[in-house]
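Below is run.tsv, holding TSV, C-alpha atoms and all ligand atoms.
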```
chain	number	residue	atom	x	y	z
A	1	MET	CA	-7.80	6.78	45.74
A	2	ALA	CA	-9.21	5.63	42.39
A	3	SER	CA	-8.73	1.91	41.76
A	4	LEU	CA	-6.63	0.80	38.80
A	5	PRO	CA	-8.59	-0.44	35.77
A	6	ASN	CA	-8.47	-4.14	34.88
A	7	SER	CA	-7.92	-3.27	31.25
A	8	TYR	CA	-6.63	-0.26	29.36
A	9	ALA	CA	-7.84	1.38	26.15
A	10	ALA	CA	-5.49	1.25	23.14
A	11	LEU	CA	-5.82	3.13	19.83
A	12	ARG	CA	-5.43	0.25	17.38
A	13	SER	CA	-6.12	1.84	14.00
A	14	ILE	CA	-7.12	4.91	12.04
A	15	GLY	CA	-8.93	5.49	8.74
A	16	ALA	CA	-10.36	8.40	6.78
A	17	TYR	CA	-12.40	9.29	3.74
A	18	VAL	CA	-12.52	12.57	1.83
A	19	PRO	CA	-14.90	13.38	-1.01
A	20	GLU	CA	-13.39	13.93	-4.47
A	21	LYS	CA	-14.71	17.41	-5.21
A	22	ILE	CA	-12.30	20.23	-4.34
A	23	LEU	CA	-13.50	23.75	-3.52
A	24	SER	CA	-10.46	26.03	-3.86
A	25	ASN	CA	-9.95	29.60	-2.67
A	26	SER	CA	-10.11	30.76	-6.28
A	27	ASP	CA	-13.50	29.02	-6.64
A	28	LEU	CA	-14.67	30.97	-3.57
A	29	GLU	CA	-13.38	34.24	-5.09
A	30	LYS	CA	-16.09	33.76	-7.74
A	31	MET	CA	-18.80	33.10	-5.13
A	32	VAL	CA	-18.24	35.77	-2.44
A	33	ASP	CA	-16.26	38.99	-1.93
A	34	THR	CA	-12.97	37.43	-0.84
A	35	THR	CA	-9.47	36.65	-2.10
A	36	ASP	CA	-7.16	33.65	-2.00
A	37	GLU	CA	-4.62	35.89	-0.26
A	38	TRP	CA	-7.03	36.94	2.52
A	39	ILE	CA	-8.15	33.35	3.19
A	40	TYR	CA	-4.63	31.89	3.18
A	41	LYS	CA	-3.16	34.65	5.32
A	42	ARG	CA	-5.95	34.57	7.93
A	43	THR	CA	-6.56	30.81	8.07
A	44	GLY	CA	-3.85	28.82	6.24
A	45	ILE	CA	-6.56	27.19	4.08
A	46	LYS	CA	-6.02	26.69	0.34
A	47	GLU	CA	-8.83	24.25	-0.45
A	48	ARG	CA	-11.44	22.00	1.12
A	49	ARG	CA	-13.45	18.93	0.00
A	50	ILE	CA	-17.19	19.03	-0.65
A	51	ALA	CA	-19.41	15.94	-0.57
A	52	ASP	CA	-21.58	15.05	-3.53
A	53	LYS	CA	-25.22	16.06	-3.09
A	54	ASN	CA	-26.16	12.38	-2.85
A	55	GLU	CA	-23.38	11.62	-0.34
A	56	SER	CA	-24.44	11.72	3.32
A	57	THR	CA	-22.48	12.03	6.55
A	58	SER	CA	-23.07	8.32	7.19
A	59	ASP	CA	-21.79	7.39	3.69
A	60	MET	CA	-18.50	9.13	4.45
A	61	GLY	CA	-18.38	7.81	8.01
A	62	ALA	CA	-18.99	4.22	6.88
A	63	LYS	CA	-16.15	4.44	4.34
A	64	ALA	CA	-13.69	5.76	6.93
A	65	ALA	CA	-14.88	3.16	9.46
A	66	ALA	CA	-14.46	0.23	7.03
A	67	ILE	CA	-10.80	1.26	6.55
A	68	ALA	CA	-10.21	1.62	10.30
A	69	ILE	CA	-11.72	-1.84	10.97
A	70	GLU	CA	-9.65	-3.43	8.22
A	71	ARG	CA	-6.44	-1.92	9.60
A	72	SER	CA	-7.26	-2.87	13.21
A	73	GLY	CA	-6.88	-6.63	12.74
A	74	ILE	CA	-10.17	-6.97	14.64
A	75	LYS	CA	-13.17	-8.65	13.03
A	76	LYS	CA	-16.24	-6.44	12.72
A	77	GLU	CA	-18.16	-9.12	14.66
A	78	GLU	CA	-15.94	-8.29	17.68
A	79	ILE	CA	-17.02	-4.62	17.77
A	80	ASP	CA	-19.33	-4.06	20.73
A	81	LEU	CA	-19.97	-0.29	20.55
A	82	VAL	CA	-20.29	2.19	17.67
A	83	ILE	CA	-20.10	5.90	18.53
A	84	CYS	CA	-20.26	8.78	16.10
A	85	ALA	CA	-19.46	12.46	16.68
A	86	THR	CA	-21.19	14.83	14.29
A	87	VAL	CA	-23.07	18.13	14.17
A	88	THR	CA	-24.25	17.39	10.63
A	89	PRO	CA	-26.10	14.09	11.20
A	90	ASP	CA	-27.98	12.36	8.38
A	91	TYR	CA	-31.20	13.30	10.18
A	92	PHE	CA	-31.72	15.87	12.87
A	93	ASN	CA	-33.26	14.11	15.88
A	94	MET	CA	-33.41	10.45	14.76
A	95	PRO	CA	-32.23	7.91	13.82
A	96	SER	CA	-28.65	8.52	14.92
A	97	THR	CA	-25.90	8.53	12.29
A	98	ALA	CA	-24.12	5.82	14.33
A	99	CYS	CA	-27.13	3.51	13.81
A	100	ILE	CA	-27.08	4.15	10.06
A	101	ILE	CA	-23.31	3.59	9.82
A	102	SER	CA	-23.66	0.36	11.83
A	103	LYS	CA	-26.28	-0.89	9.38
A	104	LYS	CA	-24.12	0.07	6.37
A	105	LEU	CA	-21.22	-1.93	7.87
A	106	ASP	CA	-23.48	-4.82	8.89
A	107	ILE	CA	-22.63	-4.36	12.56
A	108	ILE	CA	-26.04	-4.94	14.08
A	109	ASN	CA	-27.36	-5.82	17.56
A	110	VAL	CA	-24.63	-3.62	19.04
A	111	GLN	CA	-25.03	-0.41	21.07
A	112	ALA	CA	-24.73	2.66	18.81
A	113	PHE	CA	-25.22	6.36	19.47
A	114	ASP	CA	-24.16	9.86	18.42
A	115	ILE	CA	-22.63	12.66	20.41
A	116	SER	CA	-22.70	16.38	19.66
A	117	ALA	CA	-19.59	18.32	20.69
A	118	ALA	CA	-18.83	20.08	17.38
A	119	CYS	CA	-15.10	20.16	16.58
A	120	SER	CA	-14.24	18.53	19.93
A	121	GLY	CA	-16.33	15.48	19.03
A	122	PHE	CA	-13.58	12.98	18.27
A	123	VAL	CA	-11.60	13.65	21.46
A	124	TYR	CA	-14.87	13.46	23.42
A	125	LEU	CA	-15.35	10.01	21.80
A	126	LEU	CA	-11.91	8.96	23.03
A	127	SER	CA	-12.91	9.87	26.60
A	128	ILE	CA	-16.09	7.77	26.24
A	129	ALA	CA	-14.22	4.81	24.72
A	130	LYS	CA	-11.57	4.95	27.46
A	131	ALA	CA	-14.23	4.95	30.20
A	132	PHE	CA	-16.25	2.09	28.65
A	133	ILE	CA	-13.14	-0.06	28.27
A	134	GLU	CA	-11.57	0.70	31.65
A	135	SER	CA	-14.89	-0.11	33.36
A	136	GLY	CA	-14.90	-3.48	31.60
A	137	MET	CA	-18.22	-2.79	29.82
A	138	LYS	CA	-16.84	-2.96	26.24
A	139	LYS	CA	-13.82	-4.45	24.46
A	140	ASN	CA	-13.66	-3.12	20.88
A	141	ILE	CA	-15.13	0.27	20.08
A	142	LEU	CA	-15.57	1.88	16.68
A	143	LEU	CA	-15.25	5.68	16.81
A	144	ILE	CA	-16.32	7.89	13.91
A	145	GLY	CA	-16.05	11.64	13.40
A	146	ALA	CA	-17.95	12.58	10.24
A	147	GLU	CA	-19.28	15.84	8.88
A	148	LYS	CA	-21.08	17.12	5.82
A	149	PHE	CA	-20.49	20.67	6.96
A	150	SER	CA	-21.38	22.00	3.51
A	151	SER	CA	-25.01	21.10	4.38
A	152	ILE	CA	-25.12	23.86	7.05
A	153	VAL	CA	-22.91	26.48	5.39
A	154	ASP	CA	-24.32	29.57	3.69
A	155	TYR	CA	-22.21	29.96	0.54
A	156	THR	CA	-23.11	33.66	0.39
A	157	ASP	CA	-21.56	34.35	3.84
A	158	ARG	CA	-17.85	34.99	3.35
A	159	SER	CA	-17.13	34.90	7.09
A	160	THR	CA	-17.99	31.18	7.36
A	161	CYS	CA	-18.02	29.57	3.89
A	162	ILE	CA	-14.25	29.88	3.47
A	163	LEU	CA	-13.55	27.83	6.60
A	164	PHE	CA	-15.36	24.52	6.43
A	165	GLY	CA	-15.10	21.27	4.48
A	166	ASP	CA	-16.53	17.74	4.45
A	167	GLY	CA	-14.95	14.42	5.37
A	168	ALA	CA	-14.77	11.58	7.87
A	169	GLY	CA	-12.26	9.84	10.10
A	170	ALA	CA	-12.57	6.71	12.20
A	171	ALA	CA	-10.62	4.62	14.69
A	172	VAL	CA	-10.80	1.35	16.58
A	173	VAL	CA	-10.05	1.48	20.32
A	174	SER	CA	-9.65	-1.89	22.06
A	175	ALA	CA	-9.00	-3.32	25.50
A	176	THR	CA	-5.43	-4.29	26.37
A	177	ASN	CA	-3.66	-5.49	29.50
A	178	ASP	CA	-0.42	-3.84	28.35
A	179	LYS	CA	-0.28	-0.42	30.02
A	180	SER	CA	2.41	0.81	27.61
A	181	GLU	CA	-0.21	0.65	24.79
A	182	ALA	CA	-2.84	2.61	26.72
A	183	ILE	CA	-4.36	6.01	26.01
A	184	ILE	CA	-2.53	7.99	28.69
A	185	ASP	CA	-5.07	10.70	29.46
A	186	VAL	CA	-8.07	12.52	27.99
A	187	HIS	CA	-9.40	15.80	29.29
A	188	ALA	CA	-12.70	17.12	27.91
A	189	SER	CA	-14.57	20.20	29.04
A	190	ALA	CA	-17.21	22.78	28.08
A	191	ASP	CA	-18.61	26.20	28.92
A	192	GLY	CA	-22.13	26.97	27.70
A	193	THR	CA	-21.66	30.65	28.61
A	194	TYR	CA	-20.31	31.04	25.08
A	195	ALA	CA	-23.00	28.97	23.36
A	196	ASP	CA	-23.79	31.85	20.99
A	197	PHE	CA	-20.22	32.00	19.58
A	198	LEU	CA	-20.97	29.11	17.20
A	199	VAL	CA	-24.55	28.18	16.52
A	200	THR	CA	-26.93	26.76	13.92
A	201	PRO	CA	-30.12	28.37	15.25
A	202	ALA	CA	-32.57	26.02	13.48
A	203	PRO	CA	-34.21	23.58	13.18
A	204	GLY	CA	-34.65	22.64	16.83
A	205	SER	CA	-37.04	23.10	19.72
A	206	VAL	CA	-36.14	26.81	19.96
A	207	ASN	CA	-36.75	27.43	16.24
A	208	PRO	CA	-38.77	24.55	14.76
A	209	ALA	CA	-38.65	24.14	10.98
A	210	ASN	CA	-40.89	26.61	9.15
A	211	GLN	CA	-40.74	29.02	6.24
A	212	LYS	CA	-39.69	31.95	8.45
A	213	MET	CA	-36.68	29.99	9.70
A	214	LEU	CA	-35.63	29.29	6.08
A	215	ASP	CA	-36.20	32.92	5.00
A	216	LYS	CA	-33.97	34.09	7.85
A	217	LYS	CA	-31.34	31.44	6.96
A	218	LEU	CA	-31.37	30.14	10.54
A	219	ASN	CA	-30.43	26.66	9.31
A	220	PHE	CA	-26.90	27.85	8.54
A	221	VAL	CA	-23.93	28.07	10.89
A	222	GLN	CA	-23.35	31.46	12.50
A	223	MET	CA	-20.04	32.27	14.15
A	224	LYS	CA	-18.46	35.04	16.19
A	225	GLY	CA	-15.13	34.29	14.54
A	226	ASN	CA	-12.81	36.75	16.23
A	227	GLU	CA	-14.15	36.11	19.76
A	228	THR	CA	-13.93	32.34	19.14
A	229	PHE	CA	-10.38	32.73	17.86
A	230	LYS	CA	-9.16	34.56	20.98
A	231	LEU	CA	-10.86	32.17	23.39
A	232	ALA	CA	-9.56	29.15	21.45
A	233	VAL	CA	-5.93	30.25	21.76
A	234	LYS	CA	-6.26	31.02	25.49
A	235	THR	CA	-8.21	27.88	26.42
A	236	LEU	CA	-6.20	25.44	24.31
A	237	THR	CA	-2.84	26.75	25.47
A	238	LYS	CA	-3.85	26.22	29.11
A	239	ASP	CA	-5.42	22.83	28.38
A	240	VAL	CA	-2.39	21.33	26.62
A	241	ILE	CA	0.07	22.71	29.18
A	242	ASP	CA	-2.09	21.22	31.98
A	243	ILE	CA	-2.36	17.74	30.40
A	244	LEU	CA	1.40	17.55	29.81
A	245	LYS	CA	2.17	18.70	33.38
A	246	ARG	CA	-0.37	16.33	34.94
A	247	ASN	CA	1.27	13.40	33.17
A	248	ASN	CA	4.86	14.53	33.63
A	249	ILE	CA	5.44	14.61	29.90
A	250	LYS	CA	7.57	17.24	28.17
A	251	SER	CA	6.81	18.78	24.75
A	252	GLU	CA	9.92	17.12	23.31
A	253	ASP	CA	8.55	13.67	24.30
A	254	ILE	CA	5.59	14.22	21.95
A	255	LYS	CA	6.18	12.70	18.53
A	256	HIS	CA	3.15	14.30	16.83
A	257	PHE	CA	1.15	17.31	17.96
A	258	VAL	CA	-2.25	16.83	16.25
A	259	PRO	CA	-4.33	19.98	16.76
A	260	HIS	CA	-7.85	20.62	15.51
A	261	GLN	CA	-7.45	21.96	11.97
A	262	ALA	CA	-9.52	25.17	12.19
A	263	ASN	CA	-7.00	27.91	11.57
A	264	TYR	CA	-3.22	27.81	11.10
A	265	ARG	CA	-2.81	30.89	13.31
A	266	ILE	CA	-4.49	29.12	16.26
A	267	ILE	CA	-2.34	26.02	15.66
A	268	LYS	CA	0.84	28.12	15.50
A	269	ALA	CA	0.03	30.13	18.64
A	270	VAL	CA	-0.59	26.96	20.70
A	271	GLY	CA	2.37	25.13	19.12
A	272	ASP	CA	4.67	28.08	19.91
A	273	ALA	CA	3.45	28.21	23.53
A	274	LEU	CA	4.41	24.52	23.85
A	275	GLY	CA	7.72	24.98	22.04
A	276	MET	CA	6.72	22.43	19.38
A	277	SER	CA	8.97	22.14	16.32
A	278	LYS	CA	7.64	22.27	12.75
A	279	GLU	CA	8.30	18.52	12.42
A	280	GLN	CA	6.08	17.76	15.43
A	281	ILE	CA	3.04	19.76	14.25
A	282	VAL	CA	0.60	17.90	12.00
A	283	LEU	CA	-1.05	20.16	9.42
A	284	THR	CA	-3.90	19.34	7.04
A	285	VAL	CA	-5.85	22.61	7.30
A	286	GLN	CA	-4.36	23.82	3.98
A	287	LYS	CA	-6.00	20.98	2.02
A	288	TYR	CA	-9.15	20.11	4.00
A	289	GLY	CA	-10.13	23.28	5.94
A	290	ASN	CA	-12.11	22.76	9.13
A	291	THR	CA	-13.97	19.42	9.05
A	292	SER	CA	-15.18	19.72	12.65
A	293	ALA	CA	-15.43	16.28	14.36
A	294	ALA	CA	-13.61	14.63	11.43
A	295	SER	CA	-10.60	16.95	11.64
A	296	ILE	CA	-8.46	15.12	14.23
A	297	PRO	CA	-8.89	11.54	12.90
A	298	MET	CA	-8.34	12.82	9.33
A	299	ALA	CA	-5.10	14.46	10.46
A	300	ILE	CA	-3.96	11.28	12.27
A	301	ASN	CA	-4.78	9.30	9.14
A	302	ASP	CA	-2.65	11.71	7.11
A	303	ILE	CA	0.50	10.92	9.12
A	304	TYR	CA	-0.41	7.22	9.11
A	305	GLU	CA	-0.75	7.05	5.32
A	306	SER	CA	2.40	9.10	4.73
A	307	GLY	CA	4.33	6.65	6.93
A	308	ARG	CA	5.15	9.20	9.64
A	309	LEU	CA	3.04	7.56	12.36
A	310	LYS	CA	4.80	4.54	13.84
A	311	SER	CA	3.77	2.05	16.51
A	312	GLY	CA	4.43	3.53	19.97
A	313	ASP	CA	4.52	7.17	18.82
A	314	VAL	CA	2.87	9.40	21.42
A	315	MET	CA	0.46	11.99	20.02
A	316	LEU	CA	-0.86	15.09	21.75
A	317	LEU	CA	-4.36	15.95	20.48
A	318	ASP	CA	-6.13	19.24	21.12
A	319	THR	CA	-9.43	20.62	19.93
A	320	PHE	CA	-11.93	23.41	20.40
A	321	GLY	CA	-15.42	24.00	19.02
A	322	GLY	CA	-19.06	24.95	19.32
A	323	GLY	CA	-20.65	24.62	22.73
A	324	LEU	CA	-18.13	25.90	23.56
A	325	THR	CA	-16.31	22.62	24.02
A	326	TRP	CA	-12.64	21.77	24.19
A	327	ALA	CA	-10.53	18.69	24.81
A	328	SER	CA	-7.01	17.33	24.78
A	329	ALA	CA	-5.54	13.83	24.89
A	330	LEU	CA	-2.24	11.97	25.13
A	331	VAL	CA	-2.47	8.92	22.91
A	332	PRO	CA	0.15	6.40	21.84
A	333	PHE	CA	-0.48	4.70	18.50
A	334	SER	CA	-0.80	1.02	19.42
A	335	PRO	CA	-1.58	-1.23	16.45
A	336	LYS	CA	-2.29	-4.87	17.33
A	337	LYS	CA	0.92	-6.91	17.52
A	338	GLY	CA	1.38	-10.17	15.63
B	401	LIG	N1	-12.65	37.67	2.85
B	401	LIG	C1	-12.29	38.95	3.02
B	401	LIG	N2	-12.58	39.65	4.12
B	401	LIG	C2	-13.25	39.02	5.10
B	401	LIG	C3	-13.66	37.67	5.01
B	401	LIG	C4	-13.33	36.99	3.81
B	401	LIG	N3	-13.66	35.71	3.62
B	401	LIG	N4	-14.30	37.33	6.13
B	401	LIG	C5	-14.30	38.40	6.94
B	401	LIG	N5	-13.68	39.45	6.31
B	401	LIG	C6	-13.44	40.80	6.82
B	401	LIG	C7	-14.41	41.20	7.91
B	401	LIG	O1	-15.61	41.69	7.37
B	401	LIG	C8	-13.61	42.28	8.64
B	401	LIG	O2	-13.73	43.47	7.92
B	401	LIG	P1	-13.81	44.90	8.69
B	401	LIG	O3	-12.52	45.01	9.44
B	401	LIG	O4	-13.98	45.85	7.58
B	401	LIG	O5	-15.00	44.78	9.61
B	401	LIG	C9	-12.17	41.80	8.52
B	401	LIG	O6	-12.16	40.85	7.44
B	401	LIG	C10	-11.64	41.13	9.79
B	401	LIG	O7	-12.60	40.16	10.25
B	401	LIG	P2	-12.34	39.28	11.53
B	401	LIG	O8	-13.52	38.39	11.74
B	401	LIG	O9	-11.93	40.17	12.67
B	401	LIG	O10	-11.05	38.43	11.04
B	401	LIG	P3	-10.19	37.41	11.82
B	401	LIG	O11	-8.77	37.78	11.73
B	401	LIG	O12	-10.74	37.13	13.20
B	401	LIG	O13	-10.36	36.08	10.95
B	401	LIG	C11	-11.56	33.98	11.09
B	401	LIG	C12	-11.65	35.50	10.79
B	401	LIG	C13	-10.68	33.37	10.05
B	401	LIG	C14	-12.98	33.42	11.00
B	401	LIG	C15	-10.99	33.75	12.50
B	401	LIG	O14	-11.62	34.61	13.41
B	401	LIG	C16	-11.12	32.32	13.00
B	401	LIG	O15	-10.52	31.41	12.49
B	401	LIG	N6	-11.89	32.13	14.09
B	401	LIG	C17	-11.94	30.85	14.79
B	401	LIG	C18	-12.76	29.81	14.09
B	401	LIG	C19	-12.77	28.57	14.94
B	401	LIG	O16	-11.75	28.11	15.41
B	401	LIG	N7	-13.91	28.02	15.21
B	401	LIG	C20	-13.98	26.92	16.15
B	401	LIG	C21	-14.17	25.66	15.55
B	401	LIG	S1	-15.55	25.56	14.47
B	401	LIG	C22	-16.70	24.41	15.13
B	401	LIG	O17	-16.69	24.05	16.27
B	401	LIG	C23	-17.76	23.91	14.24
```
Hey, can you dump this file as structure tokens for me?
Ligand code: ACO
Amino acid sequence: MASLPNSYAALRSIGAYVPEKILSNSDLEKMVDTTDEWIYKRTGIKERRIADKNESTSDMGAKAAAIAIERSGIKKEEIDLVICATVTPDYFNMPSTACIISKKLDIINVQAFDISAACSGFVYLLSIAKAFIESGMKKNILLIGAEKFSSIVDYTDRSTCILFGDGAGAAVVSATNDKSEAIIDVHASADGTYADFLVTPAPGSVNPANQKMLDKKLNFVQMKGNETFKLAVKTLTKDVIDILKRNNIKSEDIKHFVPHQANYRIIKAVGDALGMSKEQIVLTVQKYGNTSAASIPMAINDIYESGRLKSGDVMLLDTFGGGLTWASALVPFSPKKG
């Protein structure tokens, strides 16, 4: 039998940043052969944000992180781990975006690293934070999901350019002895069999940077949309039902269902399978599109800033993305008391 942890991991705060520039469906109508009606009907998206050309993933991540730290009631000097989920890092290979964000926030001499799990990145980070805290290795962890997805999107490809947007979300997860504040469960998984469903073929060791790679547009995201869609609905439905069952929690006990904001039809199919009401389902896909690893913390921030997220509210998170990866989590919102 697994021994009980000495401390538990609590989600203390949330923050987000979105760039100012809006790319609407009618803007896209002028760029590719598409219509506002097609995009809205198939995805639920109306508009998305696009970062300035001088604005990097770490710029957005640092802004979201500064807000999350401020709201956490924890001094930045107390943070002992910085982890960033992104598939659009400032630099491919090195240095990590987490290192650059740490420097921008003046959090130095602290462990910092990136993870790559595409849209599942933020929930993967929660599993890492939970493990580090329960093992006693760390006490206050800064989590960032940040993406400049526009940097890997081909704006002549109508099958992908309508979907993605830029932005960042961040959270502080801290140790607590109070079990009622603790992240209840995180389940993260992957199946590389479907690696070719969502891929940026270059640059990398398979296709190093060269002129041929640029001519073939291998630096842009490629997606088997319909296959991904079907697998997402099937996998997510099973994953969320399993995590609720395993923890003896019913759908009606969930205050906010916060799904990955990729496509309204996926969200609705999974929400319906769980019997979630409209009030329970958190939706930001209409205004931000799919922001990959930033999607879940941006959505949590949305309910926080609108006053819907209250201390003690239990959230069910679910996500699915390139890899293929998927993850779900049961997380109470536990701001620091006093
Ligand atoms: N405007 C108009 N028509 C279009 C567009 C567009 N922007 N894009 C595709 N079409 C056409 C296609 O060419 C096709 O035409 P055809 O029937 O003549 O061949 C038709 O519309 C249907 O295309 P499908 O791809 O079958 O459409 P679908 O209903 O599957 O919707 C979509 C496409 C929106 C991409 C959907 O499949 C989807 O959301 N997939 C999942 C995306 C996802 O969740 N990804 C995971 C996370 S992303 C990450 O991890 C980074």
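Note that CA of Thr176 in chain A and CA of Asp242 in chain A are 26.3 Å apart.
The nearest approach to Val153 in chain A among the residues A:Gln111, A:Asn248, A:Asn54, A:Gln222, with all atoms listed in the file taken into account, belongs to A:Gln222.
Here CA of Asp36 in chain A is placed at a distance of 8.8 Å from atom N3 of ligand LIG 401 (chain B).
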Size and centre in Å, one decimal, axis-aligned box, all listed ligand LIG 401 (chain B) atoms plus 8 Å per side, as JSON:
```
{"center_x": -13.3, "center_y": 34.9, "center_z": 9.6, "size_x": 25.0, "size_y": 37.9, "size_z": 29.4}
```
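Distances to Asn219 in chain A were evaluated for A:Ala16, A:Ser151, A:Ala232, A:Asp196 using all atoms listed in the file, and the minimum falls at A:Ser151.
Distance check against Ile133 in chain A using all atoms listed in the file: of A:Ala195, A:Ala9, A:Ala269, A:Ile67, the minimum falls on A:Ala9.
Take the candidates A:Met213, A:Glu47, A:Lys224, A:Glu55 and check each one against Glu29 in chain A using all atoms listed in the file; the shortest distance goes to A:Glu47.
Near Phe333 in chain A, within 6 Å and counting all atoms listed in the file, sit A:Leu11, A:Ser311, A:Gly312, A:Asp313, not including residues fewer than 3 positions from it in the same chain.
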Would you save the residues of that selection, restricted to C-alpha atoms, as an mmCIF file, in the coordinates of the input?
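Below is the file again-v3.cif, written as the result:
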```cif
data_model
loop_
_atom_site.group_PDB
_atom_site.id
_atom_site.type_symbol
_atom_site.label_atom_id
_atom_site.label_comp_id
_atom_site.auth_asym_id
_atom_site.auth_seq_id
_atom_site.Cartn_x
_atom_site.Cartn_y
_atom_site.Cartn_z
ATOM 1 C CA LEU A 11 -5.820 3.130 19.830
ATOM 2 C CA SER A 311 3.770 2.050 16.510
ATOM 3 C CA GLY A 312 4.430 3.530 19.970
ATOM 4 C CA ASP A 313 4.520 7.170 18.820
#
```
Close residues, Asp157 in chain A itself excluded, 12 Å, only C-alpha atoms, min 2 positions apart in chain, as JSON, numbers by chain: {"A": [28, 31, 32, 33, 34, 152, 153, 154, 155, 159, 160, 161, 162, 163, 164, 217, 220, 221, 222, 223]}
Leaving out Thr97 in chain A and any residue of its chain fewer than 5 positions from it, which residues lie within 6 Å of it when counting all atoms listed in the file, given as a VMD selection string? chain A and resid 58 89 to 90
Could you write range 91-96 of chain A as a short mmCIF file (atom, residue, chain, number, x, y, z; two decimals), keeping the file's coordinate frame, with all heavy atoms rebuilt where they are missing?
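Listing of selection.cif after writing:
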```cif
data_model
loop_
_atom_site.label_atom_id
_atom_site.label_comp_id
_atom_site.auth_asym_id
_atom_site.auth_seq_id
_atom_site.Cartn_x
_atom_site.Cartn_y
_atom_site.Cartn_z
N TYR A 91 -29.88 12.77 9.83
CA TYR A 91 -31.20 13.30 10.18
C TYR A 91 -31.09 14.03 11.50
O TYR A 91 -30.49 13.51 12.44
CB TYR A 91 -32.22 12.16 10.33
CG TYR A 91 -32.30 11.30 9.10
CD1 TYR A 91 -31.61 10.09 9.03
CD2 TYR A 91 -33.03 11.72 8.00
CE1 TYR A 91 -31.66 9.32 7.88
CE2 TYR A 91 -33.08 10.96 6.84
CZ TYR A 91 -32.39 9.76 6.79
OH TYR A 91 -32.43 9.01 5.65
N PHE A 92 -31.66 15.23 11.57
CA PHE A 92 -31.72 15.87 12.87
C PHE A 92 -32.71 15.06 13.69
O PHE A 92 -33.69 14.56 13.16
CB PHE A 92 -32.13 17.34 12.74
CG PHE A 92 -30.96 18.18 12.28
CD1 PHE A 92 -30.82 18.55 10.97
CD2 PHE A 92 -29.95 18.51 13.17
CE1 PHE A 92 -29.71 19.26 10.53
CE2 PHE A 92 -28.83 19.22 12.75
CZ PHE A 92 -28.71 19.59 11.43
N ASN A 93 -32.44 14.88 14.94
CA ASN A 93 -33.26 14.11 15.88
C ASN A 93 -33.02 12.60 15.78
O ASN A 93 -32.31 12.05 16.59
CB ASN A 93 -34.76 14.43 15.76
CG ASN A 93 -35.01 15.92 15.55
OD1 ASN A 93 -35.61 16.32 14.58
ND2 ASN A 93 -34.53 16.73 16.47
N MET A 94 -33.59 11.90 14.81
CA MET A 94 -33.41 10.45 14.76
C MET A 94 -33.67 9.91 13.36
O MET A 94 -34.36 10.57 12.59
CB MET A 94 -34.33 9.76 15.77
CG MET A 94 -35.81 10.01 15.53
SD MET A 94 -36.76 9.31 16.86
CE MET A 94 -38.21 10.34 16.83
N PRO A 95 -33.13 8.75 13.02
CA PRO A 95 -32.23 7.91 13.82
C PRO A 95 -30.83 8.51 13.88
O PRO A 95 -30.48 9.40 13.09
CB PRO A 95 -32.21 6.60 13.03
CG PRO A 95 -32.43 7.04 11.61
CD PRO A 95 -33.37 8.20 11.68
N SER A 96 -30.01 8.00 14.79
CA SER A 96 -28.65 8.52 14.92
C SER A 96 -27.82 8.08 13.71
O SER A 96 -28.09 7.05 13.08
CB SER A 96 -28.00 8.00 16.20
OG SER A 96 -27.67 6.63 16.06
#
```
